[in-house]
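K.L.:
Before we start, here is the structure in question, set down as structure tokens.
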Amino acid sequence: MTALLSGWTWAFVFSAATLGVAMTFVAYMTWLERKVAARMQNRIGPYEVGWPHGWLQPLADVLKLLVKEDTTPRAADRLLFNAGPILVVAPALVGFAFLPIAKGLAVVDHPYSFLFFIAFASLTLFGIFAAGWSSNNKYALLSALRMVAMAVSYEVPMILSLLIPAVWAGTFQLTGIVEAQRGLWFVLYPVVGQVAFLVFLLCALAEGNKSPLDILEAESELIAAYNVEYSGIKFALFYAGEYAHTLAICGLAATVFFGGYLGPSFLPGPIWLIVKSAALFVAILWIRWSLMRLRIDQAIRLNWTILLPVALVDLLFAAWWCVGA
Amino acid sequence: MGVPAVSAAPIEVVEREFGELALNMGPQHPSTHGVLRLVLHLSGETVVKAMPVIGYLHRGVEKLSEHLAYDQLAPVYERDDYLSPTSNSNAYVLAVEKLGGIEVPRRAQWVRALACEWQRIASHLVWLGTLGLDLGGALGGGTTLYMYCFREREKILDWLEALTGTRFHTNVNMVGGVRYDPDAASRAESTAMASEIEAALPELWSMSGGNPIFQERTRGVGVISKDLALGVGVTGPTLRASGVAYDVRAASPYDAYRELPPKVVTRTAGDAEARFQVRFEEIGVSLALVRTITEGLPAGPIFSRKPIKNPKATKLPAGEAYAAVESPRGELGFHIVSDGGPKPYRLKINAPSFKNLQVIPHVVPGGLLADVVATLGSLDPVMGDVDR
């Protein structure tokens with residue numbers, strides 16, 4: 001089969017399939033989140049649209065948002081305003097292309113795929129800033145400025161903690177990092193592995209705008225944050241972008257800390273990756289729907305005084321471990 | 001008590017002349033508890049100045065009072081402070097009874113206290129839930145606390161519905177007594193409910209006051225000093241959190257509280273956490289009161305007057321009377337001036353939320369934007385009570 005298709009066609013088919021699977025998962029993660037949150041809060045959640053348990057709800061939401069009026073504020077910067085949602089959703093989806101789904105198999109299996117993933121994940125923030133800035137709304141502007149402060153802070157320990165699996169595997173290629181975990185998942189390496197994962201998890205909460213670190217989406221202060229002026233499908237794109245980003249980050253964590261597609265052979269590799277990502281996603285939801293939100297100064301102090309030193313020391317120990325071994 | 005004067009400048013002037021960002025928070029805003037509008041002057045995220053703008057929920061209740069008969073008015077005030085309807089009508093009927101020298105049977109007094117205390121617990125649960133929304137957001141742990149609070153509150157509303165036929169604006173109070181009499185089953189249900197809610201309190205505490213993030217967000221935020229509190233006339237739990245042990249139920253007891261003095265909860269810190277602790281502890285105090293009332297409810301009639309056929313036939317002697325109760329938000333008073341006719345000549349409501357809101361310009365500046373909602377949430381304003 002592969003012989004019949006040229007390299008480009010193969011890449012196109014493969015990435016279209018990955019995109020389709022990723023978007024479906026993003027849609028169903030919103031459903032999962034609503035169900036998990038409802039379960040935690042003594043509610044039922046989506047129930048009416050589709051039997052059983054409202055499983056068509058994501059489809060209904062997308063249809064509703066598609067036909068809603070799409071408004072642009074008169075004073076908005078139209079170009080940036082329209083570019084914002086695209087700049088959020090596209091880099092978040094690109095991230096899925098780097099995740100290995102089987103031995104040596106990813107849409108893009110580049111020697112530096114790990115670094116590419118992190119770079120694309122951070123690009124989302126440009127879209128958010130463009131949206132917040134161009135809306136010409138004070139709440140959106142404050143949210144965009146908070147985003148810059150948070151991104152500058154939390155990217156640092158996040159990348160430091162992600163360097164630890166790369167140091168242990170001796171490669172920046174995600175497929176290589178997974179193969180290096182055949183003996184033992186990196187999260188199970190005593191103390192150093194767990195600390196790295198916890199630092200990464202906290203940073204992922206901040207990057208994915210999840211409570212207690214969803215400072216830039218603090219809707220009790222900033223109404224709806226950077227997307228306050230958006231409606232219709234553009235709003236839906238922000239929503240999809242946020243979930244795709246969170247899901248991609250969960251996929252990355254599953255890949256570099258939890259052995260990615262590795263697992264007992266009764267399930268195929270890709271399924272293991274999905275199961276692990278979904279489990280991490282639910283763990284993030286659990287934290288999100290339990291805790292209050294920190295204030296911005298507290299969140300940034302937590303980063304610079306605790307997460308950054310811990311990540312640095314942890315990286316030193318990981319390197320020392322490597323050299324010693 | 002020196003309270004400095006605060007003046008407002010239009011938004012355009014703030015940005016042009018002071019170089020500060022003027023942020024119009026409300027009247028349509030998720031955490032201004034209804035339709036409060038705050039004009040904030042921001043330097044970065046730090047609030048330089050804050051001015052509350054009120055009046056968006058003004059319904060002219062005091063003027064309306066001049067057009068209705070005394071016996072028709074109690075339900076009107078239940079719509080004022082819509083989280084504690086019975087306290088409002090209780091204050092009104094107390095003032096009318098004082099002016100007319102009308103006796104209230106002992107059992108009726110106790111039933112009033114029972115309904116008021118249950119609604120105080122319900123009101124404090126709504127306050128705790130909305131404080132959760134203010135601190136934790138609608139997409140986060142705040143909603144979880146909110147739903148847990150409302151789960152408990154729902155039991156109280158169900159009980160009130162079984163007693164009065166209405167979940168919320170129960171219309172228990174009448175001039176000269178009460179309208180509904182809890183039977184044995186209702187009293188048993190009340191006692192059982194007290195135990196259930198008491199059992200749920202540790203869970204609510206662990207999600208709010210026992211949580212380090214909640215403590216970080218409320219400790220040292222929106223500090224109201226004792227002087228400021230007395231100077232602007234703050235009342236209720238907000239005043240008690242600043243170290244003043246003033247509770248109308250204990251200071252000038254009315255109705256059943258002459259026999260049932262409640263424990264007055266105080267804190268001295270005056271910050272949002274102290275106000276949280278006072279209200280949370282008051283839930284427990286009210287539960288204890290509810291138990292005492294349910295167990296010791298005296299026998300006897302619940303209404304001292306003849307059945308009311310024509311409300312306009314009830315006339316009060318000319319004169320003035322003021323009566324106050326401790327509503328969940330503080331001292332709630334009604335001042336009635338009568339000219340001897342069937343309607344009040346003039347009626348003025350002394351509303352606790354209105355007085356508590358006066359501290360905003362004094363305590364909010366210097367904090368961050370996020371502290372504004374924490375402070376506001378801890379003050380527990382009800383805009384229906386502010387604007388009337």
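Going by the structure tokens order, chains are called A, B, ..., each with residues numbered from 1, while ligands are numbered from 1 in the order shown.
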Return as an MDAnalysis selection string the full set of residues in segment 91-321 of chain A whose backbone-based DSSP assignment is helix (DSSP H, G or I).

P.N.:
chainID A and resid 91:97 113:134 138:169 174:179 186:188 192:207 215:217 219:222 225:227 232:256 269:288 296:321

K.L.:
Show me, as JSON, numbers by chain, every residue of chain A with an atom at most 9 Å from chain B, counting only C-alpha atoms.

P.N.:
{"A": [37, 38, 40, 41, 42, 43, 138, 139, 142, 210, 211, 212, 214, 217, 218, 219, 220, 221, 222, 223, 285, 287, 288, 289, 290, 291, 292, 293, 294, 295, 296, 297, 298]}

K.L.:
As an exercise, work out the distance from atom CA of Ser286 of chain B to atom CA of Ile121 of chain B in Å and give it to one decimal place.

P.N.:
6.7 Å

K.L.:
Which residue gives the smallest distance to Ala240 of chain A among A:Ala204, A:Ala17, A:Leu141, A:Ile86, with only C-alpha atoms counted?

P.N.:
A:Ile86

K.L.:
Env of Ala318 of chain A: 10 Å cut, atoms = only C-alpha atoms, seq-sep filter 5 positions within chain, self excluded. Answer as a PyMOL selection string.

P.N.:
chain A and resi 163-165+167-168+189+192-193+196+312-313+323-324

K.L.:
Write the residues you've just listed into a file as a PDB file, in the first residue's frame, and include C-alpha atoms for each of them.

P.N.:
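Result file out-v1.pdb:
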ATOM      1  CA  LEU A 163      14.405  18.209  29.584  1.00  0.00           C
ATOM      2  CA  ILE A 164      14.729  15.460  32.172  1.00  0.00           C
ATOM      3  CA  PRO A 165      13.225  12.674  29.996  1.00  0.00           C
ATOM      4  CA  VAL A 167      18.450  13.811  29.209  1.00  0.00           C
ATOM      5  CA  TRP A 168      17.639  10.278  30.307  1.00  0.00           C
ATOM      6  CA  TYR A 189      12.315   6.685  38.286  1.00  0.00           C
ATOM      7  CA  VAL A 192      13.512  12.640  40.286  1.00  0.00           C
ATOM      8  CA  GLY A 193      10.950  11.303  37.815  1.00  0.00           C
ATOM      9  CA  ALA A 196       9.724  16.305  37.182  1.00  0.00           C
ATOM     10  CA  LEU A 312      16.626  23.144  38.234  1.00  0.00           C
ATOM     11  CA  VAL A 313      17.746  20.919  41.110  1.00  0.00           C
ATOM     12  CA  VAL A 323      26.581  10.534  34.178  1.00  0.00           C
ATOM     13  CA  GLY A 324      26.858   8.224  37.181  1.00  0.00           C
TER      14      GLY A 324
END

K.L.:
Might you pull out every residue within 8 Å of segment 51-67 of chain B, with only C-alpha atoms counted and same-chain residues fewer than 6 positions away left off, and present them as a PyMOL selection string?

P.N.:
chain B and resi 7-8+27+35-40+73+76-77+80+343-349+357+360-361+383-384+386-388

K.L.:
Can you tell me how far atom CA of Glu320 of chain B sits from atom CA of Val337 of chain B, in Å to one decimal?

P.N.:
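Taking atom CA of Glu320 of chain B and atom CA of Val337 of chain B, their separation equals 4.5 Å.
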
K.L.:
What lies within 10 Å of Leu297 of chain B using only C-alpha atoms, ignoring chain neighbours under 4 positions off, as a list in words?

P.N.:
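The residues satisfying every condition are Arg106, Arg107, Ala108, Gln109, Trp110, Val111, Leu114, Pro182, Arg187, Arg291, Thr292 and Ile293 of chain B.
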
K.L.:
Restricting the output to C-alpha atoms, write the selected residues as a PDB file, in the first residue's frame.

P.N.:
ATOM      1  CA  ARG B 106     -45.405  33.233  72.244  1.00  0.00           C
ATOM      2  CA  ARG B 107     -45.715  30.365  69.781  1.00  0.00           C
ATOM      3  CA  ALA B 108     -45.888  32.797  66.851  1.00  0.00           C
ATOM      4  CA  GLN B 109     -42.696  34.487  68.053  1.00  0.00           C
ATOM      5  CA  TRP B 110     -40.913  31.163  68.121  1.00  0.00           C
ATOM      6  CA  VAL B 111     -42.174  30.182  64.661  1.00  0.00           C
ATOM      7  CA  LEU B 114     -37.504  29.298  63.429  1.00  0.00           C
ATOM      8  CA  PRO B 182     -45.346  23.686  61.925  1.00  0.00           C
ATOM      9  CA  ARG B 187     -40.710  19.773  63.487  1.00  0.00           C
ATOM     10  CA  ARG B 291     -32.704  22.716  67.411  1.00  0.00           C
ATOM     11  CA  THR B 292     -33.641  24.600  70.594  1.00  0.00           C
ATOM     12  CA  ILE B 293     -36.637  26.230  68.933  1.00  0.00           C
TER      13      ILE B 293
END

K.L.:
Excluding segment 93-102 of chain A and any residue of its chain fewer than 3 positions from it, enumerate the residues within 7 Å of it, using only C-alpha atoms, and give them as a CSV table (one decimal) with C-alpha atoms, in the first residue's frame.

P.N.:
chain,number,residue,atom,x,y,z
A,15,SER,CA,-2.1,13.9,8.9
A,89,VAL,CA,-6.2,26.3,17.1
A,90,ALA,CA,-3.6,25.5,14.4
A,105,LEU,CA,5.7,5.8,13.7
A,106,ALA,CA,4.6,9.4,14.0
A,107,VAL,CA,3.2,11.9,11.4
A,108,VAL,CA,6.4,13.8,11.8
A,109,ASP,CA,9.3,11.7,13.2
A,113,SER,CA,10.4,16.5,17.3
A,117,PHE,CA,6.3,20.1,20.0
A,120,PHE,CA,4.3,24.8,18.7
A,121,ALA,CA,2.6,24.4,22.0
A,174,LEU,CA,9.9,11.5,20.8
A,175,THR,CA,9.9,8.0,19.3
A,244,ALA,CA,-6.6,20.5,21.8
A,248,ALA,CA,-1.8,17.5,23.2
A,252,LEU,CA,3.1,14.7,25.5
A,261,TYR,CA,2.3,3.6,23.3
A,269,GLY,CA,-0.1,0.8,21.1
A,270,PRO,CA,-2.2,3.8,19.9
A,273,LEU,CA,-1.4,6.3,24.2

K.L.:
Need the shell around segment 81-84 of chain A: protein/DNA/RNA residues with any atom at most 10 Å away, counting only C-alpha atoms. Skip same-chain ones fewer than 3 positions apart. Format as a list in words?

P.N.:
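In the requested form, the answer reads Thr72, Pro73, Ala76, Asp77, Arg78, Leu87, Val88, Val89, Thr124, Leu125, Phe126, Gly127, Ile128, Phe129, Ala130, Ala131, Gly132, Trp133, Ser134, Ser135, Asn136, Tyr226, Asn227, Glu229, Tyr230, Lys234, Leu237 and Phe238 of chain A.
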
K.L.:
Write the residues of the preceding selection, restricted to C-alpha atoms, as an mmCIF file, in the first residue's frame.

P.N.:
data_model
loop_
_atom_site.group_PDB
_atom_site.id
_atom_site.type_symbol
_atom_site.label_atom_id
_atom_site.label_comp_id
_atom_site.auth_asym_id
_atom_site.auth_seq_id
_atom_site.Cartn_x
_atom_site.Cartn_y
_atom_site.Cartn_z
ATOM 1 C CA THR A 72 -16.783 41.785 15.260
ATOM 2 C CA PRO A 73 -16.620 44.868 17.457
ATOM 3 C CA ALA A 76 -11.530 45.922 16.842
ATOM 4 C CA ASP A 77 -8.435 45.372 14.721
ATOM 5 C CA ARG A 78 -10.157 43.133 12.166
ATOM 6 C CA LEU A 87 -3.424 31.169 15.652
ATOM 7 C CA VAL A 88 -4.747 29.393 18.724
ATOM 8 C CA VAL A 89 -6.179 26.287 17.142
ATOM 9 C CA THR A 124 -0.836 29.166 20.975
ATOM 10 C CA LEU A 125 -0.079 32.048 23.273
ATOM 11 C CA PHE A 126 0.468 34.395 20.310
ATOM 12 C CA GLY A 127 -3.073 33.745 19.169
ATOM 13 C CA ILE A 128 -4.384 34.483 22.647
ATOM 14 C CA PHE A 129 -2.431 37.706 22.827
ATOM 15 C CA ALA A 130 -3.590 38.732 19.344
ATOM 16 C CA ALA A 131 -7.205 38.110 20.369
ATOM 17 C CA GLY A 132 -6.889 39.968 23.657
ATOM 18 C CA TRP A 133 -5.103 42.913 22.115
ATOM 19 C CA SER A 134 -7.227 43.310 18.996
ATOM 20 C CA SER A 135 -10.609 43.071 20.753
ATOM 21 C CA ASN A 136 -10.239 46.636 22.004
ATOM 22 C CA TYR A 226 -9.377 37.228 26.099
ATOM 23 C CA ASN A 227 -12.319 35.783 24.173
ATOM 24 C CA GLU A 229 -15.742 39.768 22.356
ATOM 25 C CA TYR A 230 -15.887 36.556 20.327
ATOM 26 C CA LYS A 234 -14.609 31.919 16.334
ATOM 27 C CA LEU A 237 -12.316 27.688 17.682
ATOM 28 C CA PHE A 238 -10.889 29.148 20.887
#

K.L.:
Using only C-alpha atoms, which of B:Leu230, B:Ala251, B:Val48, B:Val278 sits nearest Ala324 of chain B?

P.N.:
B:Ala251

K.L.:
Find, counting only C-alpha atoms, the residue in A:Trp31, A:Tyr154, A:Ala319, A:Arg146 that gets nearest to Tyr47 of chain A.

P.N.:
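Under the stated criterion, the closest residue is A:Trp31.
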
K.L.:
At what distance in Å, to one decimal, does atom CA of Gly367 of chain B lie from atom CA of Gly34 of chain B?

P.N.:
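Going from atom CA of Gly34 of chain B over to atom CA of Gly367 of chain B, I get 22.3 Å.
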